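**Q** Below you'll find the structure I mean.
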Amino acid sequence: MDEKLLVVDDEPILLKGLKFSLEQDGYLVEVASDGNEAYEKIMGNEYDLIVLDLMLPGMDGLEVCRRVRESSMVPIIMLTAKGEDSSKVLGLEYGADDYLTKPFNILELKARIRAILRRASVPDQNVATSQLNVGDFSINTLGRKVAIQGREINLTAKEFDLLLLLIMERDKIFSREALLEKIWGYEYFGDVRTVDVHIRRLREKIEDNSSAPRYIMTKWGVGYYFKEN
């Protein structure tokens with residue numbers, strides 16, 4: 001294992017503990033204790049995943065996430081304090097792939113890291129070829145790249161996973177609970193708003209008018225599905 005992680009938190013004891021525990025699993029771990037330091041490291045290095053605390057001195061986690069998403073789709077797990085529901089949703093809106101509420105079990109964090117890295121590095125086993133052409137979409141499952149009518153779209157890891165699943169099983173309606181299980185993994189104990197936020201962000205990127213979508217459709221009271229045009 002040689003995945004390189006950046007862990008960002010302003011609690012020295014927690015930061016030290018996370019670094020030690022993740023290194024025990026074979027990850028290469030760098031740390032930062034404030035938002036400005038984190039942003040500088042992200043811009044100057046390549047990471048496979050970032051664990052980012054929301055409340056940071058200098059530049060908060062939301063601003064770091066927003067700036068990173070301007071140029072990078074590196075997976076981000078946001079750490080939030082208990083009860084900060086609006087901040088959790090904002091983190092997802094700003095491009096975080098997942099969030100974890102403090103205090104958390106290190107085993108749960110490790111499970112989420114493994115799930116994200118696994119899906120980011122291994123193409124879907126149900127995909128027979130690395131290149132898919134479905135309607136207006138061209139998808140490279142190995143490079144995890146998507147183009148619509150030749151125009152490349154930058155997607156986060158979870159946005160890509162969602163789109164690929166919906167396209168591969170198009171016209172099948174998935175409940176939000178089913179999407180949580182399939183995309184975030186059975187270990188994930190988040191709420192269904194996570195799915196709604198990612199669907200909304202995905203629509204904003206691939207639809208001409210996200211308020212009147214052509215591709216990702218809603219079956220009210222049931223869930224979401226992909227419609228081939």
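By convention in this document, the chains of the structure tokens carry letters A, B, ... by their order, each chain's residues are numbered from 1, and ligands are numbered from 1 in the order they are shown.
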Write down as a ChimeraX atom specification the residues of region 73-192 of chain A whose backbone DSSP state falls under alpha helix (DSSP H).

**A** /A:85-93,106-121,157-168,176-179

**Q** Any chance you could export the current selection's C-alpha atoms as a PDB file, in the first residue's frame?

**A**
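Output saved as part-v6.pdb:
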ATOM      1  CA  ASP A  85     -26.112  19.514  10.313  1.00  0.00           C
ATOM      2  CA  SER A  86     -26.006  22.601   8.111  1.00  0.00           C
ATOM      3  CA  SER A  87     -22.212  22.414   7.945  1.00  0.00           C
ATOM      4  CA  LYS A  88     -22.367  18.768   6.877  1.00  0.00           C
ATOM      5  CA  VAL A  89     -24.611  19.659   3.957  1.00  0.00           C
ATOM      6  CA  LEU A  90     -22.426  22.655   3.091  1.00  0.00           C
ATOM      7  CA  GLY A  91     -19.377  20.398   3.066  1.00  0.00           C
ATOM      8  CA  LEU A  92     -21.065  18.142   0.521  1.00  0.00           C
ATOM      9  CA  GLU A  93     -22.210  21.158  -1.483  1.00  0.00           C
ATOM     10  CA  ILE A 106     -11.006   5.252  13.993  1.00  0.00           C
ATOM     11  CA  LEU A 107     -12.179   1.931  12.533  1.00  0.00           C
ATOM     12  CA  GLU A 108     -15.110   3.692  10.866  1.00  0.00           C
ATOM     13  CA  LEU A 109     -12.784   6.323   9.393  1.00  0.00           C
ATOM     14  CA  LYS A 110     -10.483   3.595   8.088  1.00  0.00           C
ATOM     15  CA  ALA A 111     -13.458   1.764   6.550  1.00  0.00           C
ATOM     16  CA  ARG A 112     -14.546   4.881   4.699  1.00  0.00           C
ATOM     17  CA  ILE A 113     -11.015   5.591   3.496  1.00  0.00           C
ATOM     18  CA  ARG A 114     -10.695   2.039   2.177  1.00  0.00           C
ATOM     19  CA  ALA A 115     -14.086   2.217   0.460  1.00  0.00           C
ATOM     20  CA  ILE A 116     -13.306   5.492  -1.299  1.00  0.00           C
ATOM     21  CA  LEU A 117      -9.806   4.466  -2.379  1.00  0.00           C
ATOM     22  CA  ARG A 118     -11.034   1.080  -3.564  1.00  0.00           C
ATOM     23  CA  ARG A 119     -13.756   2.547  -5.750  1.00  0.00           C
ATOM     24  CA  ALA A 120     -11.404   5.249  -7.028  1.00  0.00           C
ATOM     25  CA  SER A 121      -8.770   2.763  -8.174  1.00  0.00           C
ATOM     26  CA  ALA A 157     -15.109  10.282  -6.876  1.00  0.00           C
ATOM     27  CA  LYS A 158     -18.632   9.886  -5.526  1.00  0.00           C
ATOM     28  CA  GLU A 159     -20.217  11.827  -8.386  1.00  0.00           C
ATOM     29  CA  PHE A 160     -18.461   9.528 -10.859  1.00  0.00           C
ATOM     30  CA  ASP A 161     -19.555   6.426  -8.953  1.00  0.00           C
ATOM     31  CA  LEU A 162     -23.157   7.638  -8.860  1.00  0.00           C
ATOM     32  CA  LEU A 163     -23.266   8.452 -12.555  1.00  0.00           C
ATOM     33  CA  LEU A 164     -21.632   5.173 -13.570  1.00  0.00           C
ATOM     34  CA  LEU A 165     -24.046   3.123 -11.455  1.00  0.00           C
ATOM     35  CA  LEU A 166     -27.108   4.934 -12.794  1.00  0.00           C
ATOM     36  CA  ILE A 167     -25.897   4.615 -16.399  1.00  0.00           C
ATOM     37  CA  MET A 168     -24.958   0.938 -16.058  1.00  0.00           C
ATOM     38  CA  ARG A 176     -31.746   6.966  -1.737  1.00  0.00           C
ATOM     39  CA  GLU A 177     -31.117   4.214   0.816  1.00  0.00           C
ATOM     40  CA  ALA A 178     -30.018   1.829  -1.938  1.00  0.00           C
ATOM     41  CA  LEU A 179     -27.641   4.438  -3.350  1.00  0.00           C
TER      42      LEU A 179
END

**Q** As a PyMOL selection string, please: the residues near Glu46 (chain A) (cut-off 10 Å, only C-alpha atoms, same-chain neighbours under 6 positions excluded).

**A** chain A and resi 4-6+72+74

**Q** Can you write out the residues you just picked, keeping N, CA and C atoms, as a PDB file, in the first residue's frame?

**A**
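The result, written out as again-v5.pdb:
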ATOM      1  N   LYS A   4      -1.148   7.966  -0.541  1.00  0.00           N
ATOM      2  CA  LYS A   4      -0.676   9.112   0.228  1.00  0.00           C
ATOM      3  C   LYS A   4      -1.871   9.932   0.700  1.00  0.00           C
ATOM      4  N   LEU A   5      -1.956  10.127   2.014  1.00  0.00           N
ATOM      5  CA  LEU A   5      -3.062  10.845   2.612  1.00  0.00           C
ATOM      6  C   LEU A   5      -2.584  12.131   3.260  1.00  0.00           C
ATOM      7  N   LEU A   6      -3.476  13.115   3.298  1.00  0.00           N
ATOM      8  CA  LEU A   6      -3.248  14.333   4.084  1.00  0.00           C
ATOM      9  C   LEU A   6      -4.349  14.404   5.130  1.00  0.00           C
ATOM     10  N   SER A  72      -8.929  20.392  -8.427  1.00  0.00           N
ATOM     11  CA  SER A  72      -8.641  18.995  -8.117  1.00  0.00           C
ATOM     12  C   SER A  72      -9.898  18.256  -7.685  1.00  0.00           C
ATOM     13  N   VAL A  74      -9.540  15.346  -5.942  1.00  0.00           N
ATOM     14  CA  VAL A  74      -9.052  14.411  -4.933  1.00  0.00           C
ATOM     15  C   VAL A  74     -10.164  14.133  -3.917  1.00  0.00           C
TER      16      VAL A  74
END

**Q** Which residue is closest to Asp48 (chain A)? Choose from A:Leu28, A:Val222, A:Val192, A:Cys65 and count only C-alpha atoms.

**A**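 Result for the nearest residue to Asp48 (chain A): A:Leu28.
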
**Q** Residues at most 10 Å from Thr218 (chain A), counting only C-alpha atoms, excluding those fewer than 3 positions away in the same chain, as a ChimeraX atom specification?

**A** /A:173-175,199,213,215,221-226

**Q** I need the chosen residues saved as a compact mmCIF listing (two decimals), in the first residue's frame, with all heavy atoms.

**A**
# COMPACT_ATOMS: atom_id res chain seq x y z
N ILE A 173 -34.85 2.23 -11.05
CA ILE A 173 -35.00 3.29 -10.06
C ILE A 173 -34.34 2.86 -8.75
O ILE A 173 -34.63 1.79 -8.22
CB ILE A 173 -36.49 3.61 -9.82
CG1 ILE A 173 -37.16 4.02 -11.14
CG2 ILE A 173 -36.63 4.71 -8.77
CD1 ILE A 173 -38.66 4.17 -11.03
N PHE A 174 -33.42 3.70 -8.26
CA PHE A 174 -32.73 3.42 -7.01
C PHE A 174 -33.26 4.34 -5.91
O PHE A 174 -33.31 5.57 -6.08
CB PHE A 174 -31.22 3.67 -7.15
CG PHE A 174 -30.50 2.65 -7.98
CD1 PHE A 174 -30.35 2.83 -9.35
CD2 PHE A 174 -29.98 1.50 -7.41
CE1 PHE A 174 -29.69 1.90 -10.13
CE2 PHE A 174 -29.31 0.56 -8.18
CZ PHE A 174 -29.16 0.77 -9.54
N SER A 175 -33.63 3.77 -4.79
CA SER A 175 -33.99 4.59 -3.64
C SER A 175 -32.73 5.25 -3.10
O SER A 175 -31.61 4.80 -3.38
CB SER A 175 -34.63 3.73 -2.54
OG SER A 175 -33.66 2.86 -1.97
N ILE A 199 -26.58 14.18 -5.97
CA ILE A 199 -27.40 14.19 -7.19
C ILE A 199 -27.56 15.61 -7.71
O ILE A 199 -27.45 15.87 -8.92
CB ILE A 199 -28.79 13.57 -6.92
CG1 ILE A 199 -28.68 12.05 -6.70
CG2 ILE A 199 -29.75 13.88 -8.07
CD1 ILE A 199 -28.33 11.25 -7.93
N PRO A 213 -34.09 18.40 -15.51
CA PRO A 213 -33.08 17.44 -15.98
C PRO A 213 -33.57 16.54 -17.11
O PRO A 213 -34.76 16.19 -17.18
CB PRO A 213 -32.78 16.62 -14.71
CG PRO A 213 -34.01 16.75 -13.87
CD PRO A 213 -34.52 18.12 -14.12
N TYR A 215 -31.32 13.77 -17.98
CA TYR A 215 -30.61 12.52 -17.78
C TYR A 215 -30.92 11.85 -16.44
O TYR A 215 -31.34 10.70 -16.40
CB TYR A 215 -29.10 12.75 -17.90
CG TYR A 215 -28.67 13.39 -19.18
CD1 TYR A 215 -28.12 14.67 -19.20
CD2 TYR A 215 -28.80 12.72 -20.40
CE1 TYR A 215 -27.71 15.27 -20.39
CE2 TYR A 215 -28.40 13.31 -21.60
CZ TYR A 215 -27.86 14.59 -21.57
OH TYR A 215 -27.46 15.17 -22.75
N GLY A 221 -41.13 10.02 -4.55
CA GLY A 221 -41.50 9.04 -3.54
C GLY A 221 -40.79 7.72 -3.67
O GLY A 221 -40.97 6.84 -2.82
N VAL A 222 -39.97 7.56 -4.73
CA VAL A 222 -39.28 6.29 -4.96
C VAL A 222 -37.77 6.48 -4.96
O VAL A 222 -37.04 5.93 -4.15
CB VAL A 222 -39.73 5.62 -6.27
CG1 VAL A 222 -39.04 4.27 -6.46
CG2 VAL A 222 -41.24 5.46 -6.28
N GLY A 223 -37.27 7.28 -5.94
CA GLY A 223 -35.82 7.48 -6.00
C GLY A 223 -35.37 8.10 -7.31
O GLY A 223 -36.13 8.84 -7.95
N TYR A 224 -34.16 7.76 -7.74
CA TYR A 224 -33.55 8.35 -8.92
C TYR A 224 -33.24 7.28 -9.97
O TYR A 224 -32.97 6.12 -9.64
CB TYR A 224 -32.23 9.06 -8.53
CG TYR A 224 -32.40 10.19 -7.55
CD1 TYR A 224 -32.01 10.03 -6.22
CD2 TYR A 224 -32.94 11.41 -7.93
CE1 TYR A 224 -32.14 11.07 -5.30
CE2 TYR A 224 -33.08 12.45 -7.04
CZ TYR A 224 -32.68 12.27 -5.73
OH TYR A 224 -32.83 13.31 -4.82
N TYR A 225 -33.22 7.72 -11.25
CA TYR A 225 -32.82 6.81 -12.31
C TYR A 225 -32.25 7.61 -13.47
O TYR A 225 -32.45 8.83 -13.56
CB TYR A 225 -34.00 5.96 -12.79
CG TYR A 225 -35.13 6.72 -13.47
CD1 TYR A 225 -35.23 6.77 -14.86
CD2 TYR A 225 -36.10 7.37 -12.71
CE1 TYR A 225 -36.26 7.47 -15.48
CE2 TYR A 225 -37.14 8.07 -13.32
CZ TYR A 225 -37.21 8.11 -14.71
OH TYR A 225 -38.23 8.80 -15.30
N PHE A 226 -31.51 6.93 -14.36
CA PHE A 226 -30.90 7.57 -15.53
C PHE A 226 -31.76 7.28 -16.75
O PHE A 226 -32.17 6.14 -17.01
CB PHE A 226 -29.49 7.03 -15.75
CG PHE A 226 -28.78 7.66 -16.93
CD1 PHE A 226 -28.06 8.83 -16.78
CD2 PHE A 226 -28.85 7.08 -18.19
CE1 PHE A 226 -27.42 9.43 -17.86
CE2 PHE A 226 -28.20 7.66 -19.28
CZ PHE A 226 -27.49 8.85 -19.10

**Q** In Å, how far is it from CA of Asp98 (chain A) to CA of Phe20 (chain A)?

**A**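 Spanning CA of Asp98 (chain A) to CA of Phe20 (chain A) is a straight-line distance of 22.0 Å.
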
**Q** Restricting the calculation to only C-alpha atoms, which member of A:Lys102, A:Arg201, A:Arg193, A:Lys172 is positioned closest to Leu155 (chain A)?

**A**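 Of all the options, A:Arg201 lies closest to Leu155 (chain A).
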
**Q** Extract the full set of strand (DSSP E or B) residues from region 150-190 of chain A according to DSSP on the backbone, and format it as a list in words.

**A**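 Reading the DSSP output for region 150-190 of chain A, strand (DSSP E or B) covers Arg151, Glu152, Ile153 and Phe174 of chain A.
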
**Q** Out of A:Val8, A:Leu18, A:Ile42, A:Met55, which residue has the shortest atom-to-atom distance to Ile77 (chain A) when counting only C-alpha atoms?

**A**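 The answer is A:Val8, which sits nearest to Ile77 (chain A).
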
**Q** Quote the spacing between CA of Met59 (chain A) and CA of Ala38 (chain A) in Å to one decimal place.

**A**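 It comes out at 9.0 Å.
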
**Q** Which residue gives the smallest distance to Arg69 (chain A) among A:Asp97, A:Asp171, A:Asp53, A:Glu23, with only C-alpha atoms counted?

**A**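 The closest residue to Arg69 (chain A) is A:Asp97.
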
**Q** Quick one: distance from CA of Leu56 (chain A) to CA of Ser33 (chain A) in Å, one decimal?

**A**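 For CA of Leu56 (chain A) relative to CA of Ser33 (chain A), the distance reads 7.6 Å.
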